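I have placed the structure first, in the form of C-alpha cells, so that the comments after it can refer back to it.
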Amino acid sequence: MISDIQQDAAARMAKSIEALQKAFTKIRTGRAHPSLLDQISVSYYGTESQLSQVANVSVEDARTLKVVPWEKGMVQAIEKAIMSSGLGLNPATQGTVIRIPLPALTEERRRELVKVVKNEAEQGRVSIRNIRRDANAAIKDALKEKLISEDDARQGEDKIQKLTDQYIKEVEKHLEEKEADLLSM
C-alpha cells in the first residue's frame with residue numbers, strides 16, 4: 001500500500017522535474033540552441049505544424065541558428081512565424097536559408113532571466129511539495145480506514161519526506177546550473 005503511494009509520488013515528482021527542465025530550455029542563455037524554436041508553429045497548407053516538422057533547424061555558430069525549409073515556398077511563412085513568436089528574434093533570409101542571429105544578452109537582461117529561472121524553480125518546488133501533501137493525505141486516509149498501522153503510516157510519511165528532499169535537491173541543482181549558464185559569457 002505505502003510502496004504504491006511512494007511509487008506514484010516518485011513518478012509524479014520526476015514529471016515535475018521534466019517540466020522544469022522543459023521550462024528552462026525555453027529560457028535562452030545567449031547561445032544558439034535549436035530548442036529555442038521548438039514552440040514556434042508555422043501554417044503549412046492551412047494546418048499549424050511545428051517548425052521542426054517543416055524545416056531543418058541547426059546551429060551555425062555560437063550565436064546563429066540556421067533554418068532550412070524543406071520546401072522553397074515555406075520561407076516566407078517560417079520567417080513570419082519566427083518574427084511573430086515573441087522571442088525577439090529577427091531572421092535574415094538568404095535564398096532558401098534563414099539565419100537567425102541571437103543578440104548578446106545585456107547584464108540587466110541576464111538578471112531578469114535569473115529571476116525568471118528562480119520563479120520557475122520555485123514553481124517546481126511547490127509542485128513537488130503538493131505531490132508530497134497528496135501522498136501524505138493518501139497515507140492518512142489508509143490509516144483512517146485501518147489498512148495500515150500507525151507505525152507504517154509514520155514510516156511512509158518519512159519515506160515520502162526523503163523522496164521530497166531528494167527531488168527538491170534536484171531542482172536546486174538544475175537551478176544552479178541554469179543560473180551559472182545565464183551569468184557566464
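Identifiers in this document derive from the order of the C-alpha cells: chains are assigned A, B, ..., residues are numbered from 1 separately in each chain, and ligands are numbered from 1 in order of occurrence.
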
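For region 89-173 of chain A, the set of residues given strand (DSSP E) by DSSP on the backbone reads Ala92, Thr93, Gln94, Val97, Ile98, Arg99, Ile100 and Pro101 of chain A.
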
List the neighbours of Ala142 (chain A) out to 12 Å using only C-alpha atoms; skip same-chain residues closer than 5 positions along the sequence, and give me the result as a PyMOL selection string.
chain A and resi 1-2+4-5+135-137+147-150+152-154+156

Residues flagged alpha helix (DSSP H) by DSSP in region 31-117 of chain A, as a PyMOL selection string
chain A and resi 51-54+75-83+107-117

May I have the selected residues written with N, CA and C atoms, as an mmCIF file, in the first residue's frame?
```cif
data_model
loop_
_atom_site.group_PDB
_atom_site.id
_atom_site.type_symbol
_atom_site.label_atom_id
_atom_site.label_comp_id
_atom_site.auth_asym_id
_atom_site.auth_seq_id
_atom_site.Cartn_x
_atom_site.Cartn_y
_atom_site.Cartn_z
ATOM 1 N N LEU A 51 7.716 24.029 -36.319
ATOM 2 C CA LEU A 51 8.785 24.423 -37.226
ATOM 3 C C LEU A 51 9.692 23.237 -37.556
ATOM 4 N N SER A 52 9.969 22.397 -36.583
ATOM 5 C CA SER A 52 10.853 21.252 -36.801
ATOM 6 C C SER A 52 10.261 20.231 -37.774
ATOM 7 N N GLN A 53 8.950 20.313 -38.059
ATOM 8 C CA GLN A 53 8.318 19.379 -38.984
ATOM 9 C C GLN A 53 8.293 19.896 -40.417
ATOM 10 N N VAL A 54 8.635 21.172 -40.610
ATOM 11 C CA VAL A 54 8.630 21.725 -41.969
ATOM 12 C C VAL A 54 10.002 22.252 -42.388
ATOM 13 N N VAL A 75 9.534 29.556 -47.003
ATOM 14 C CA VAL A 75 10.481 30.529 -46.449
ATOM 15 C C VAL A 75 9.753 31.721 -45.821
ATOM 16 N N GLN A 76 8.810 32.312 -46.559
ATOM 17 C CA GLN A 76 8.089 33.497 -46.063
ATOM 18 C C GLN A 76 7.280 33.172 -44.806
ATOM 19 N N ALA A 77 6.583 32.047 -44.826
ATOM 20 C CA ALA A 77 5.732 31.667 -43.691
ATOM 21 C C ALA A 77 6.581 31.415 -42.442
ATOM 22 N N ILE A 78 7.730 30.762 -42.619
ATOM 23 C CA ILE A 78 8.609 30.473 -41.482
ATOM 24 C C ILE A 78 9.188 31.771 -40.923
ATOM 25 N N GLU A 79 9.626 32.649 -41.815
ATOM 26 C CA GLU A 79 10.183 33.936 -41.385
ATOM 27 C C GLU A 79 9.139 34.731 -40.594
ATOM 28 N N LYS A 80 7.908 34.755 -41.094
ATOM 29 C CA LYS A 80 6.823 35.472 -40.422
ATOM 30 C C LYS A 80 6.537 34.859 -39.049
ATOM 31 N N ALA A 81 6.530 33.526 -38.968
ATOM 32 C CA ALA A 81 6.252 32.837 -37.703
ATOM 33 C C ALA A 81 7.338 33.137 -36.673
ATOM 34 N N ILE A 82 8.594 33.194 -37.111
ATOM 35 C CA ILE A 82 9.697 33.485 -36.187
ATOM 36 C C ILE A 82 9.587 34.912 -35.662
ATOM 37 N N MET A 83 9.265 35.852 -36.555
ATOM 38 C CA MET A 83 9.148 37.258 -36.133
ATOM 39 C C MET A 83 7.985 37.470 -35.171
ATOM 40 N N GLU A 107 23.740 42.666 -19.209
ATOM 41 C CA GLU A 107 23.791 42.261 -17.797
ATOM 42 C C GLU A 107 22.397 42.394 -17.156
ATOM 43 N N GLU A 108 21.696 43.469 -17.509
ATOM 44 C CA GLU A 108 20.354 43.693 -16.959
ATOM 45 C C GLU A 108 19.396 42.582 -17.386
ATOM 46 N N ARG A 109 19.468 42.201 -18.658
ATOM 47 C CA ARG A 109 18.603 41.142 -19.178
ATOM 48 C C ARG A 109 18.945 39.797 -18.521
ATOM 49 N N ARG A 110 20.230 39.564 -18.290
ATOM 50 C CA ARG A 110 20.650 38.328 -17.613
ATOM 51 C C ARG A 110 20.041 38.264 -16.214
ATOM 52 N N ARG A 111 20.062 39.391 -15.494
ATOM 53 C CA ARG A 111 19.486 39.427 -14.133
ATOM 54 C C ARG A 111 17.982 39.138 -14.178
ATOM 55 N N GLU A 112 17.295 39.698 -15.191
ATOM 56 C CA GLU A 112 15.864 39.433 -15.345
ATOM 57 C C GLU A 112 15.616 37.954 -15.602
ATOM 58 N N LEU A 113 16.444 37.356 -16.468
ATOM 59 C CA LEU A 113 16.291 35.941 -16.781
ATOM 60 C C LEU A 113 16.579 35.071 -15.565
ATOM 61 N N VAL A 114 17.521 35.482 -14.713
ATOM 62 C CA VAL A 114 17.803 34.740 -13.482
ATOM 63 C C VAL A 114 16.564 34.754 -12.590
ATOM 64 N N LYS A 115 15.881 35.907 -12.521
ATOM 65 C CA LYS A 115 14.645 35.985 -11.729
ATOM 66 C C LYS A 115 13.584 35.045 -12.288
ATOM 67 N N VAL A 116 13.480 34.987 -13.617
ATOM 68 C CA VAL A 116 12.507 34.095 -14.252
ATOM 69 C C VAL A 116 12.847 32.637 -13.933
ATOM 70 N N VAL A 117 14.143 32.302 -14.005
ATOM 71 C CA VAL A 117 14.590 30.935 -13.717
ATOM 72 C C VAL A 117 14.293 30.580 -12.259
#
```

Shell of 12 Å around Val57 (chain A), only C-alpha atoms, local chain residues under 5 positions omitted, as a VMD selection string
chain A and resid 32 to 38 40 50 to 52 64 to 70 78 97 to 100

Exercise: Gln21 (chain A) partners within 10 Å, only C-alpha atoms, chain neighbours under 4 positions left out, as a VMD selection string
chain A and resid 15 to 17 25 to 26 120 to 121 124 171 174 to 175 178

Can you write just those residues out, C-alpha atoms, as a PDB file, in the first residue's frame?
```
ATOM      1  CA  LYS A  15       7.427  14.530 -14.171  1.00  0.00           C
ATOM      2  CA  SER A  16       7.710  17.824 -12.280  1.00  0.00           C
ATOM      3  CA  ILE A  17      11.483  17.764 -12.827  1.00  0.00           C
ATOM      4  CA  THR A  25      15.204  25.146 -22.160  1.00  0.00           C
ATOM      5  CA  LYS A  26      12.793  27.862 -23.281  1.00  0.00           C
ATOM      6  CA  GLU A 120      10.318  28.524 -12.480  1.00  0.00           C
ATOM      7  CA  ALA A 121      12.369  26.628  -9.877  1.00  0.00           C
ATOM      8  CA  GLY A 124       8.840  23.196  -9.419  1.00  0.00           C
ATOM      9  CA  VAL A 171      15.510  21.252  -8.541  1.00  0.00           C
ATOM     10  CA  HIS A 174      19.147  22.403 -12.105  1.00  0.00           C
ATOM     11  CA  LEU A 175      18.608  25.961 -10.856  1.00  0.00           C
ATOM     12  CA  LYS A 178      20.944  27.323 -15.358  1.00  0.00           C
TER      13      LYS A 178
END
```

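Comparing A:Ala9, A:Met74, A:Leu182, A:Ile131 by their smallest distance to Ser43 (chain A), the closest is A:Met74 (using only C-alpha atoms).
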